[in-house]
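The structure appears right after this line, and notes come after that.
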Amino acid sequence: MVIDLKKYRIVDLSEELVPGTLNTNGEYVHGSEVRRLEIREFIYKPDNTIMHWVETETHIGTHVEFPAHYVRGGKDGTSLPIETFMGEAVGIDLGYKKPGEPLTPEDLEKAGVKSGDIVLIWSPYKGDDRPAISPEAAKWMAEKKIKLLGVDNSIKVEASYELMATHENLLKNDIPIIERLANLNQLKKKRFFFIGLPLRIKNLDSSWIRAVALEELDGE
Ligand SMILES: [Zn+2]
């Protein structure tokens with residue numbers, strides 16, 4: 001066996017989405033998603049199989065944003081190396097911060113973030129208590145040359161819409177950002193292997209991903 005999966009604990013880090021439906025008046029009724037995620041069944045005539053048309057946006061559920069989301073003509077998911085979206089990851093739980101305190105370069109240093117790391121960040125906070133990624137921390141991650149940043153809904157990606165510091169520092173430097181990860185608090189190890197591959201479709205600003213973490217089991 002090349003990789004024995006029994007030696008790993010696999011954590012599914014993607015949100016499950018329920019598509020909306022059309023009511024009898026033809027109006028769209030949301031499923032689990034506030035943005036439109038409509039699927040319509042059709043029968044593929046040649047062999048009578050069941051298929052779907054999908055109408056949605058690129059930023060629903062767990063998704064990775066590319067430079068093309070922020071910079072016109074920037075790289076899309078097909079122009080970035082595939083290794084960008086998999087590799088050694090470090091998890092940072094900001095539960096030790098006070099409510100509303102932003103992520104700082106000191107937090108990243110304390111977590112031992114290295115060049116080439118995939119950095120996943122979460123907190124136990126909700127609403128206005130959620131930590132934001134400070135402009136200083138965004139700059140630090142760009143200078144350290146992390147590979148990929150991932151957060152869930154417990155983190156504010158931007159400290160302010162005026163500054164757009166993560167987009168300015170990370171996306172402009174070809175460091176993609178994953179949003180709406182799930183189950184991050186189920187991770188037990190500080191370091192693990194992460195995979196979150198985008199679809200190979202040209203010119204998209206962002207892609208849905210199925211994200212997983214592989215944690216090495218102890219005692220083997
Ligand atoms: Zn997004």
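If you're wondering about the labels, chains in the structure tokens are A, B, ... by order shown, residues count from 1 in each chain, ligands from 1 in order shown.
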
- Compute the set of protein, DNA and RNA residues whose minimum atom distance to ligand 1 is at most 8 Å, using only C-alpha atoms and all ligand atoms, and state it as an MDAnalysis selection string. chainID A and resid 58:60 63:65 178:179 206

- Using backbone DSSP assignments, extract all strand (DSSP E) residues from stretch 34-204 of chain A; output them as a VMD selection string. chain A and resid 37 to 44 49 to 56 63 to 65 86 to 93 118 to 122 148 to 152 177 to 181 191 to 197

Using 10 Å as the limit and counting only C-alpha atoms, can you tabulate each residue of stretch 59-123 of chain A that touches stretch 156-175 of chain A, with its shortest atom-to-atom distance in Å and the two atoms involved, as JSON lines?
{"residue": "A:Glu65", "atom": "CA", "partner": "A:Leu171", "partner_atom": "CA", "distance": 8.0}
{"residue": "A:Phe66", "atom": "CA", "partner": "A:Leu171", "partner_atom": "CA", "distance": 6.5}
{"residue": "A:Pro67", "atom": "CA", "partner": "A:Leu171", "partner_atom": "CA", "distance": 4.5}
{"residue": "A:Ala68", "atom": "CA", "partner": "A:Leu171", "partner_atom": "CA", "distance": 8.1}
{"residue": "A:His69", "atom": "CA", "partner": "A:Leu171", "partner_atom": "CA", "distance": 8.0}
{"residue": "A:Tyr70", "atom": "CA", "partner": "A:His167", "partner_atom": "CA", "distance": 6.6}
{"residue": "A:Val71", "atom": "CA", "partner": "A:Lys172", "partner_atom": "CA", "distance": 6.9}
{"residue": "A:Gly74", "atom": "CA", "partner": "A:Lys172", "partner_atom": "CA", "distance": 8.0}
{"residue": "A:Lys75", "atom": "CA", "partner": "A:Asp174", "partner_atom": "CA", "distance": 7.3}
{"residue": "A:Asp76", "atom": "CA", "partner": "A:Asp174", "partner_atom": "CA", "distance": 9.5}
{"residue": "A:Leu80", "atom": "CA", "partner": "A:Asp174", "partner_atom": "CA", "distance": 7.8}
{"residue": "A:Thr84", "atom": "CA", "partner": "A:Ile175", "partner_atom": "CA", "distance": 8.3}
{"residue": "A:Gly100", "atom": "CA", "partner": "A:Lys156", "partner_atom": "CA", "distance": 9.8}
{"residue": "A:Pro102", "atom": "CA", "partner": "A:Ala159", "partner_atom": "CA", "distance": 7.9}
{"residue": "A:Leu103", "atom": "CA", "partner": "A:Ala159", "partner_atom": "CA", "distance": 9.6}
{"residue": "A:Ile118", "atom": "CA", "partner": "A:Ile175", "partner_atom": "CA", "distance": 9.8}
{"residue": "A:Trp122", "atom": "CA", "partner": "A:Lys156", "partner_atom": "CA", "distance": 9.7}

Those same residues - C-alpha atoms - I'd like them written as an mmCIF file, in the first residue's frame.
data_model
loop_
_atom_site.group_PDB
_atom_site.id
_atom_site.type_symbol
_atom_site.label_atom_id
_atom_site.label_comp_id
_atom_site.auth_asym_id
_atom_site.auth_seq_id
_atom_site.Cartn_x
_atom_site.Cartn_y
_atom_site.Cartn_z
ATOM 1 C CA GLU A 65 -10.644 32.434 -3.620
ATOM 2 C CA PHE A 66 -7.944 33.007 -6.235
ATOM 3 C CA PRO A 67 -5.976 36.167 -7.145
ATOM 4 C CA ALA A 68 -8.548 36.616 -9.977
ATOM 5 C CA HIS A 69 -11.154 37.426 -7.286
ATOM 6 C CA TYR A 70 -9.351 40.663 -6.413
ATOM 7 C CA VAL A 71 -7.053 41.483 -9.342
ATOM 8 C CA GLY A 74 -4.991 37.652 -11.847
ATOM 9 C CA LYS A 75 -4.385 33.899 -11.666
ATOM 10 C CA ASP A 76 -7.320 31.491 -11.500
ATOM 11 C CA LEU A 80 -1.745 28.153 -9.763
ATOM 12 C CA THR A 84 -0.825 25.142 -3.650
ATOM 13 C CA GLY A 100 -12.917 40.929 19.433
ATOM 14 C CA PRO A 102 -7.551 40.585 16.167
ATOM 15 C CA LEU A 103 -5.003 38.042 14.958
ATOM 16 C CA ILE A 118 -0.992 26.085 4.823
ATOM 17 C CA TRP A 122 -10.589 29.458 13.815
#

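Here atom CA of A:Leu217 stands at a distance of 28.8 Å from atom CA of A:Lys97.
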
- Task: Would you please work out which residue, of A:Ala111, A:Ile82, A:Ala89, A:Leu94, is nearest to A:Asp129 when using only C-alpha atoms?
- Result: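 The shortest atom-to-atom distance to A:Asp129 comes from A:Leu94.
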
- Nearest to A:Met141, restricted to only C-alpha atoms and choosing among A:Arg9, A:Lys114, A:Lys190, A:Lys126, comes out as A:Lys114

- Message: Run DSSP on the backbone and tell me which residues of stretch 24-145 of chain A come out as helix (DSSP H, G or I); list them as a list in words.
- Response: Pro67, Ala68, His69, Ile82, Glu83, Thr84, Phe85, Leu94, Gly95, Tyr96, Pro105, Glu106, Asp107, Leu108, Glu109, Lys110, Gly127, Asp128, Asp129, Pro135, Glu136, Ala137, Ala138, Lys139, Trp140, Met141, Ala142, Glu143 and Lys144 of chain A

Go ahead and write the residues just picked, N, CA and C atoms, as a PDB file, in the first residue's frame.
ATOM      1  N   PRO A  67      -6.339  34.777  -6.838  1.00  0.00           N
ATOM      2  CA  PRO A  67      -5.976  36.167  -7.145  1.00  0.00           C
ATOM      3  C   PRO A  67      -6.991  36.847  -8.079  1.00  0.00           C
ATOM      4  N   ALA A  68      -7.583  36.069  -9.015  1.00  0.00           N
ATOM      5  CA  ALA A  68      -8.548  36.616  -9.977  1.00  0.00           C
ATOM      6  C   ALA A  68      -9.800  37.186  -9.301  1.00  0.00           C
ATOM      7  N   HIS A  69     -10.012  36.873  -8.024  1.00  0.00           N
ATOM      8  CA  HIS A  69     -11.154  37.426  -7.286  1.00  0.00           C
ATOM      9  C   HIS A  69     -10.935  38.906  -6.975  1.00  0.00           C
ATOM     10  N   ILE A  82      -0.908  22.964  -8.614  1.00  0.00           N
ATOM     11  CA  ILE A  82      -1.846  22.115  -7.861  1.00  0.00           C
ATOM     12  C   ILE A  82      -1.360  21.901  -6.418  1.00  0.00           C
ATOM     13  N   GLU A  83      -0.025  21.958  -6.204  1.00  0.00           N
ATOM     14  CA  GLU A  83       0.523  21.776  -4.843  1.00  0.00           C
ATOM     15  C   GLU A  83       0.074  22.893  -3.904  1.00  0.00           C
ATOM     16  N   THR A  84      -0.359  24.022  -4.480  1.00  0.00           N
ATOM     17  CA  THR A  84      -0.825  25.142  -3.650  1.00  0.00           C
ATOM     18  C   THR A  84      -1.946  24.690  -2.715  1.00  0.00           C
ATOM     19  N   PHE A  85      -2.740  23.732  -3.172  1.00  0.00           N
ATOM     20  CA  PHE A  85      -3.974  23.388  -2.477  1.00  0.00           C
ATOM     21  C   PHE A  85      -3.857  22.117  -1.637  1.00  0.00           C
ATOM     22  N   LEU A  94      -7.884  30.336  18.047  1.00  0.00           N
ATOM     23  CA  LEU A  94      -7.692  31.612  18.745  1.00  0.00           C
ATOM     24  C   LEU A  94      -8.555  31.732  20.008  1.00  0.00           C
ATOM     25  N   GLY A  95      -8.914  30.574  20.573  1.00  0.00           N
ATOM     26  CA  GLY A  95      -9.728  30.566  21.793  1.00  0.00           C
ATOM     27  C   GLY A  95      -9.077  31.254  22.983  1.00  0.00           C
ATOM     28  N   TYR A  96      -7.761  31.439  22.942  1.00  0.00           N
ATOM     29  CA  TYR A  96      -7.054  32.092  24.055  1.00  0.00           C
ATOM     30  C   TYR A  96      -7.133  33.624  23.978  1.00  0.00           C
ATOM     31  N   PRO A 105       0.746  39.301  14.242  1.00  0.00           N
ATOM     32  CA  PRO A 105       1.940  38.531  13.868  1.00  0.00           C
ATOM     33  C   PRO A 105       2.460  37.671  15.030  1.00  0.00           C
ATOM     34  N   GLU A 106       2.290  38.147  16.275  1.00  0.00           N
ATOM     35  CA  GLU A 106       2.756  37.384  17.443  1.00  0.00           C
ATOM     36  C   GLU A 106       2.024  36.041  17.538  1.00  0.00           C
ATOM     37  N   ASP A 107       0.721  36.032  17.233  1.00  0.00           N
ATOM     38  CA  ASP A 107      -0.050  34.780  17.255  1.00  0.00           C
ATOM     39  C   ASP A 107       0.524  33.789  16.245  1.00  0.00           C
ATOM     40  N   LEU A 108       0.904  34.292  15.080  1.00  0.00           N
ATOM     41  CA  LEU A 108       1.420  33.419  14.015  1.00  0.00           C
ATOM     42  C   LEU A 108       2.810  32.896  14.385  1.00  0.00           C
ATOM     43  N   GLU A 109       3.609  33.762  15.013  1.00  0.00           N
ATOM     44  CA  GLU A 109       4.946  33.345  15.454  1.00  0.00           C
ATOM     45  C   GLU A 109       4.827  32.278  16.536  1.00  0.00           C
ATOM     46  N   LYS A 110       3.910  32.518  17.500  1.00  0.00           N
ATOM     47  CA  LYS A 110       3.696  31.582  18.606  1.00  0.00           C
ATOM     48  C   LYS A 110       3.254  30.214  18.083  1.00  0.00           C
ATOM     49  N   GLY A 127     -20.257  36.513  15.736  1.00  0.00           N
ATOM     50  CA  GLY A 127     -20.655  37.914  15.537  1.00  0.00           C
ATOM     51  C   GLY A 127     -19.498  38.881  15.692  1.00  0.00           C
ATOM     52  N   ASP A 128     -19.759  39.986  16.447  1.00  0.00           N
ATOM     53  CA  ASP A 128     -18.740  41.039  16.600  1.00  0.00           C
ATOM     54  C   ASP A 128     -17.553  40.589  17.464  1.00  0.00           C
ATOM     55  N   ASP A 129     -17.729  39.489  18.210  1.00  0.00           N
ATOM     56  CA  ASP A 129     -16.627  38.991  19.046  1.00  0.00           C
ATOM     57  C   ASP A 129     -15.567  38.242  18.230  1.00  0.00           C
ATOM     58  N   PRO A 135      -4.272  43.844   9.515  1.00  0.00           N
ATOM     59  CA  PRO A 135      -3.427  44.132   8.351  1.00  0.00           C
ATOM     60  C   PRO A 135      -1.979  43.696   8.600  1.00  0.00           C
ATOM     61  N   GLU A 136      -1.490  43.841   9.847  1.00  0.00           N
ATOM     62  CA  GLU A 136      -0.110  43.436  10.175  1.00  0.00           C
ATOM     63  C   GLU A 136       0.068  41.930  10.001  1.00  0.00           C
ATOM     64  N   ALA A 137      -0.953  41.159  10.436  1.00  0.00           N
ATOM     65  CA  ALA A 137      -0.873  39.696  10.309  1.00  0.00           C
ATOM     66  C   ALA A 137      -0.938  39.277   8.835  1.00  0.00           C
ATOM     67  N   ALA A 138      -1.768  39.964   8.048  1.00  0.00           N
ATOM     68  CA  ALA A 138      -1.869  39.652   6.617  1.00  0.00           C
ATOM     69  C   ALA A 138      -0.526  39.898   5.936  1.00  0.00           C
ATOM     70  N   LYS A 139       0.109  41.031   6.296  1.00  0.00           N
ATOM     71  CA  LYS A 139       1.409  41.386   5.729  1.00  0.00           C
ATOM     72  C   LYS A 139       2.468  40.354   6.153  1.00  0.00           C
ATOM     73  N   TRP A 140       2.404  39.955   7.411  1.00  0.00           N
ATOM     74  CA  TRP A 140       3.361  38.971   7.953  1.00  0.00           C
ATOM     75  C   TRP A 140       3.263  37.659   7.182  1.00  0.00           C
ATOM     76  N   MET A 141       2.040  37.198   6.931  1.00  0.00           N
ATOM     77  CA  MET A 141       1.847  35.921   6.217  1.00  0.00           C
ATOM     78  C   MET A 141       2.349  36.008   4.776  1.00  0.00           C
ATOM     79  N   ALA A 142       2.163  37.186   4.151  1.00  0.00           N
ATOM     80  CA  ALA A 142       2.656  37.360   2.771  1.00  0.00           C
ATOM     81  C   ALA A 142       4.175  37.346   2.753  1.00  0.00           C
ATOM     82  N   GLU A 143       4.791  38.040   3.716  1.00  0.00           N
ATOM     83  CA  GLU A 143       6.264  38.102   3.771  1.00  0.00           C
ATOM     84  C   GLU A 143       6.860  36.746   4.129  1.00  0.00           C
ATOM     85  N   LYS A 144       6.174  36.000   4.989  1.00  0.00           N
ATOM     86  CA  LYS A 144       6.633  34.651   5.372  1.00  0.00           C
ATOM     87  C   LYS A 144       6.451  33.676   4.218  1.00  0.00           C
TER      88      LYS A 144
END

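Nearest to A:Asp152 of all the residues A:Asp93, A:Glu215, A:Glu88, A:Glu101 is A:Asp93, counting only C-alpha atoms.
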
- Long-range neighbours of A:Leu13 as a list in words, 6 Å cut-off, only C-alpha atoms, 2 positions minimum in chain: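 The contact residues come out as Leu181, Ala182, Asn183, Ala211 and Val212 of chain A.
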
Go ahead and save the picked residues with C-alpha atoms, as a short mmCIF file (atom, residue, chain, number, x, y, z; two decimals), in the first residue's frame.
data_model
loop_
_atom_site.label_atom_id
_atom_site.label_comp_id
_atom_site.auth_asym_id
_atom_site.auth_seq_id
_atom_site.Cartn_x
_atom_site.Cartn_y
_atom_site.Cartn_z
CA LEU A 181 -14.27 25.72 6.35
CA ALA A 182 -16.14 23.43 8.78
CA ASN A 183 -15.25 21.18 11.74
CA ALA A 211 -11.53 20.04 2.11
CA VAL A 212 -10.05 17.31 4.30
#

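Taking only C-alpha atoms, the non-local environment of A:Lys188 within 12 Å (same-chain residues fewer than 6 positions away omitted) comprises Tyr8, Arg9, Ile10, Val11, Val90, Gly91, Ile92, Asp93, Ala213, Leu214, Glu215, Glu216, Leu217 and Asp218 of chain A.
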
Kindly save the residues from that selection, with C-alpha atoms included, as a PDB file, in the first residue's frame.
ATOM      1  CA  TYR A   8      -4.677   8.583   9.700  1.00  0.00           C
ATOM      2  CA  ARG A   9      -7.711  10.216  11.194  1.00  0.00           C
ATOM      3  CA  ILE A  10      -9.614  11.939   8.376  1.00  0.00           C
ATOM      4  CA  VAL A  11     -11.564  15.100   9.255  1.00  0.00           C
ATOM      5  CA  VAL A  90      -0.804  24.273  10.854  1.00  0.00           C
ATOM      6  CA  GLY A  91      -4.028  24.809  12.806  1.00  0.00           C
ATOM      7  CA  ILE A  92      -4.475  27.867  15.041  1.00  0.00           C
ATOM      8  CA  ASP A  93      -7.360  27.998  17.546  1.00  0.00           C
ATOM      9  CA  ALA A 213      -7.375  17.015   6.968  1.00  0.00           C
ATOM     10  CA  LEU A 214      -5.337  13.843   7.508  1.00  0.00           C
ATOM     11  CA  GLU A 215      -4.040  13.569  11.058  1.00  0.00           C
ATOM     12  CA  GLU A 216      -1.414  10.976  11.826  1.00  0.00           C
ATOM     13  CA  LEU A 217      -2.652   8.535  14.479  1.00  0.00           C
ATOM     14  CA  ASP A 218      -0.363   8.012  17.489  1.00  0.00           C
TER      15      ASP A 218
END
